[in-house]
Amino acid sequence: MKSKRIGADDETQVHVAILDTGEEAFAALTRFANEAGISAASLTAIGAFERATVGWFDIASKSYWKIEVNEQCEVLSAIGDIAVGDDGKPSLHIHIVLGLADGSTRGGHLLAGTVRPTLEVVVTEVPSTLRRRKRSDLGIALIDLASA
């Protein structure tokens, strides 16, 4: 992965990260957020994967159903945020829509994606800290504005 800060003002910093073929997107973006010390940001991405796993959250079981996409697919849209998790490290939450060769789509939470040929990510960081806390009643971690 290559990255570059392309803009900054008093309120925001904009980073672009370009992932290469073979990189696992969720892990690479988590590593980038950790290395950059990002504590509050939004992100968008486009590109493609050779395979991916997305998740659909089943609120009754408090767990993700994994949806495997075992074919080349386009990242039609990826949008998410970065906040500080319970472990004190950046925590990513990304929703994604993948386009398949027949024009159909698969979507959900990005759990994993192997890049092929590229993934272009724009991260807009703000000078704040967002806190993501595990909600035992739901079984997931959500941004807690009381802690922001």
# chains A, B, ... in the order shown; residues from 1 in each chain; ligands from 1

$ residues_around --residues "Gly113 (chain A)" --least-positions-apart "2" --cutoff "10 Å" --atoms "only C-alpha atoms" --output "list in words"
Gly22, Glu23, Glu24, Ala25, Phe26, Ala27, Ala48, Phe49, Glu50, Arg51, Ala52, Thr53, Val54, Glu68, Val69, Cys73, Val75, Leu110, Leu111, Val115, Arg116 and Leu119 of chain A

$ residues_around --residues "region 81-90 of chain A" --least-positions-apart "5" --cutoff "12 Å" --atoms "only C-alpha atoms" --output "ChimeraX atom specification"
/A:26-27,29-45,95,109-110,121-135,140-145,147-148

$ select_by_dssp --residues "region 27-90 of chain A" --states "helix (DSSP H, G or I)" --output "ChimeraX atom specification"
/A:27-36

$ atom_distance --atom1 "CA of Leu98 (chain A)" --atom2 "CA of Gln72 (chain A)"
9.5 Å

$ decode --residues "region 52-84 of chain A" --atoms "N, CA and C atoms" --output "mmCIF file, in the first residue's frame"
data_model
loop_
_atom_site.group_PDB
_atom_site.id
_atom_site.type_symbol
_atom_site.label_atom_id
_atom_site.label_comp_id
_atom_site.auth_asym_id
_atom_site.auth_seq_id
_atom_site.Cartn_x
_atom_site.Cartn_y
_atom_site.Cartn_z
ATOM 1 N N ALA A 52 -13.956 -11.703 -1.767
ATOM 2 C CA ALA A 52 -14.275 -10.896 -0.593
ATOM 3 C C ALA A 52 -15.236 -11.642 0.315
ATOM 4 N N THR A 53 -15.296 -11.176 1.539
ATOM 5 C CA THR A 53 -16.293 -11.655 2.496
ATOM 6 C C THR A 53 -16.989 -10.435 3.061
ATOM 7 N N VAL A 54 -18.312 -10.425 2.917
ATOM 8 C CA VAL A 54 -19.117 -9.372 3.516
ATOM 9 C C VAL A 54 -20.002 -10.010 4.571
ATOM 10 N N GLY A 55 -20.503 -9.186 5.466
ATOM 11 C CA GLY A 55 -21.324 -9.712 6.545
ATOM 12 C C GLY A 55 -22.656 -9.004 6.637
ATOM 13 N N TRP A 56 -23.653 -9.780 6.997
ATOM 14 C CA TRP A 56 -24.988 -9.259 7.277
ATOM 15 C C TRP A 56 -25.231 -9.499 8.746
ATOM 16 N N PHE A 57 -25.532 -8.431 9.502
ATOM 17 C CA PHE A 57 -25.675 -8.559 10.951
ATOM 18 C C PHE A 57 -27.064 -9.054 11.318
ATOM 19 N N ASP A 58 -27.098 -10.209 11.983
ATOM 20 C CA ASP A 58 -28.336 -10.804 12.477
ATOM 21 C C ASP A 58 -28.515 -10.352 13.913
ATOM 22 N N ILE A 59 -29.431 -9.428 14.125
ATOM 23 C CA ILE A 59 -29.594 -8.853 15.460
ATOM 24 C C ILE A 59 -30.085 -9.882 16.475
ATOM 25 N N ALA A 60 -30.847 -10.875 16.031
ATOM 26 C CA ALA A 60 -31.352 -11.888 16.952
ATOM 27 C C ALA A 60 -30.223 -12.725 17.555
ATOM 28 N N SER A 61 -29.253 -13.111 16.711
ATOM 29 C CA SER A 61 -28.143 -13.936 17.209
ATOM 30 C C SER A 61 -26.930 -13.098 17.611
ATOM 31 N N LYS A 62 -26.981 -11.784 17.350
ATOM 32 C CA LYS A 62 -25.877 -10.867 17.644
ATOM 33 C C LYS A 62 -24.581 -11.305 16.977
ATOM 34 N N SER A 63 -24.722 -11.734 15.724
ATOM 35 C CA SER A 63 -23.540 -12.184 14.989
ATOM 36 C C SER A 63 -23.720 -11.883 13.500
ATOM 37 N N TYR A 64 -22.578 -11.917 12.784
ATOM 38 C CA TYR A 64 -22.602 -11.680 11.344
ATOM 39 C C TYR A 64 -22.755 -12.987 10.587
ATOM 40 N N TRP A 65 -23.630 -12.992 9.611
ATOM 41 C CA TRP A 65 -23.691 -14.079 8.649
ATOM 42 C C TRP A 65 -22.684 -13.716 7.574
ATOM 43 N N LYS A 66 -21.767 -14.612 7.299
ATOM 44 C CA LYS A 66 -20.752 -14.349 6.281
ATOM 45 C C LYS A 66 -21.292 -14.672 4.897
ATOM 46 N N ILE A 67 -21.067 -13.744 3.977
ATOM 47 C CA ILE A 67 -21.435 -13.920 2.580
ATOM 48 C C ILE A 67 -20.127 -13.918 1.792
ATOM 49 N N GLU A 68 -19.764 -15.070 1.275
ATOM 50 C CA GLU A 68 -18.509 -15.210 0.526
ATOM 51 C C GLU A 68 -18.749 -14.845 -0.935
ATOM 52 N N VAL A 69 -17.863 -14.042 -1.474
ATOM 53 C CA VAL A 69 -17.889 -13.687 -2.891
ATOM 54 C C VAL A 69 -16.576 -14.209 -3.457
ATOM 55 N N ASN A 70 -16.633 -15.369 -4.077
ATOM 56 C CA ASN A 70 -15.428 -16.057 -4.549
ATOM 57 C C ASN A 70 -15.209 -15.866 -6.044
ATOM 58 N N GLU A 71 -15.254 -14.609 -6.469
ATOM 59 C CA GLU A 71 -15.012 -14.265 -7.863
ATOM 60 C C GLU A 71 -14.570 -12.820 -7.948
ATOM 61 N N GLN A 72 -13.968 -12.462 -9.057
ATOM 62 C CA GLN A 72 -13.574 -11.078 -9.305
ATOM 63 C C GLN A 72 -14.812 -10.193 -9.193
ATOM 64 N N CYS A 73 -14.699 -9.097 -8.476
ATOM 65 C CA CYS A 73 -15.838 -8.200 -8.304
ATOM 66 C C CYS A 73 -15.357 -6.753 -8.213
ATOM 67 N N GLU A 74 -16.209 -5.866 -8.651
ATOM 68 C CA GLU A 74 -15.927 -4.434 -8.588
ATOM 69 C C GLU A 74 -16.403 -3.891 -7.247
ATOM 70 N N VAL A 75 -15.613 -3.020 -6.638
ATOM 71 C CA VAL A 75 -16.064 -2.284 -5.464
ATOM 72 C C VAL A 75 -16.822 -1.075 -5.999
ATOM 73 N N LEU A 76 -18.134 -1.208 -6.041
ATOM 74 C CA LEU A 76 -18.967 -0.144 -6.582
ATOM 75 C C LEU A 76 -19.076 1.020 -5.619
ATOM 76 N N SER A 77 -19.074 0.684 -4.335
ATOM 77 C CA SER A 77 -19.178 1.709 -3.310
ATOM 78 C C SER A 77 -18.697 1.131 -1.989
ATOM 79 N N ALA A 78 -17.868 1.873 -1.310
ATOM 80 C CA ALA A 78 -17.474 1.523 0.054
ATOM 81 C C ALA A 78 -17.479 2.816 0.847
ATOM 82 N N ILE A 79 -18.146 2.789 1.982
ATOM 83 C CA ILE A 79 -18.239 3.974 2.826
ATOM 84 C C ILE A 79 -18.150 3.525 4.275
ATOM 85 N N GLY A 80 -17.432 4.291 5.063
ATOM 86 C CA GLY A 80 -17.295 3.889 6.445
ATOM 87 C C GLY A 80 -16.696 4.967 7.314
ATOM 88 N N ASP A 81 -16.330 4.536 8.515
ATOM 89 C CA ASP A 81 -15.723 5.464 9.457
ATOM 90 C C ASP A 81 -14.634 4.772 10.254
ATOM 91 N N ILE A 82 -13.846 5.598 10.908
ATOM 92 C CA ILE A 82 -12.797 5.122 11.802
ATOM 93 C C ILE A 82 -13.023 5.815 13.133
ATOM 94 N N ALA A 83 -13.048 5.028 14.206
ATOM 95 C CA ALA A 83 -13.189 5.538 15.569
ATOM 96 C C ALA A 83 -12.263 4.713 16.449
ATOM 97 N N VAL A 84 -12.068 5.145 17.670
ATOM 98 C CA VAL A 84 -11.233 4.407 18.609
ATOM 99 C C VAL A 84 -12.082 3.344 19.284
#
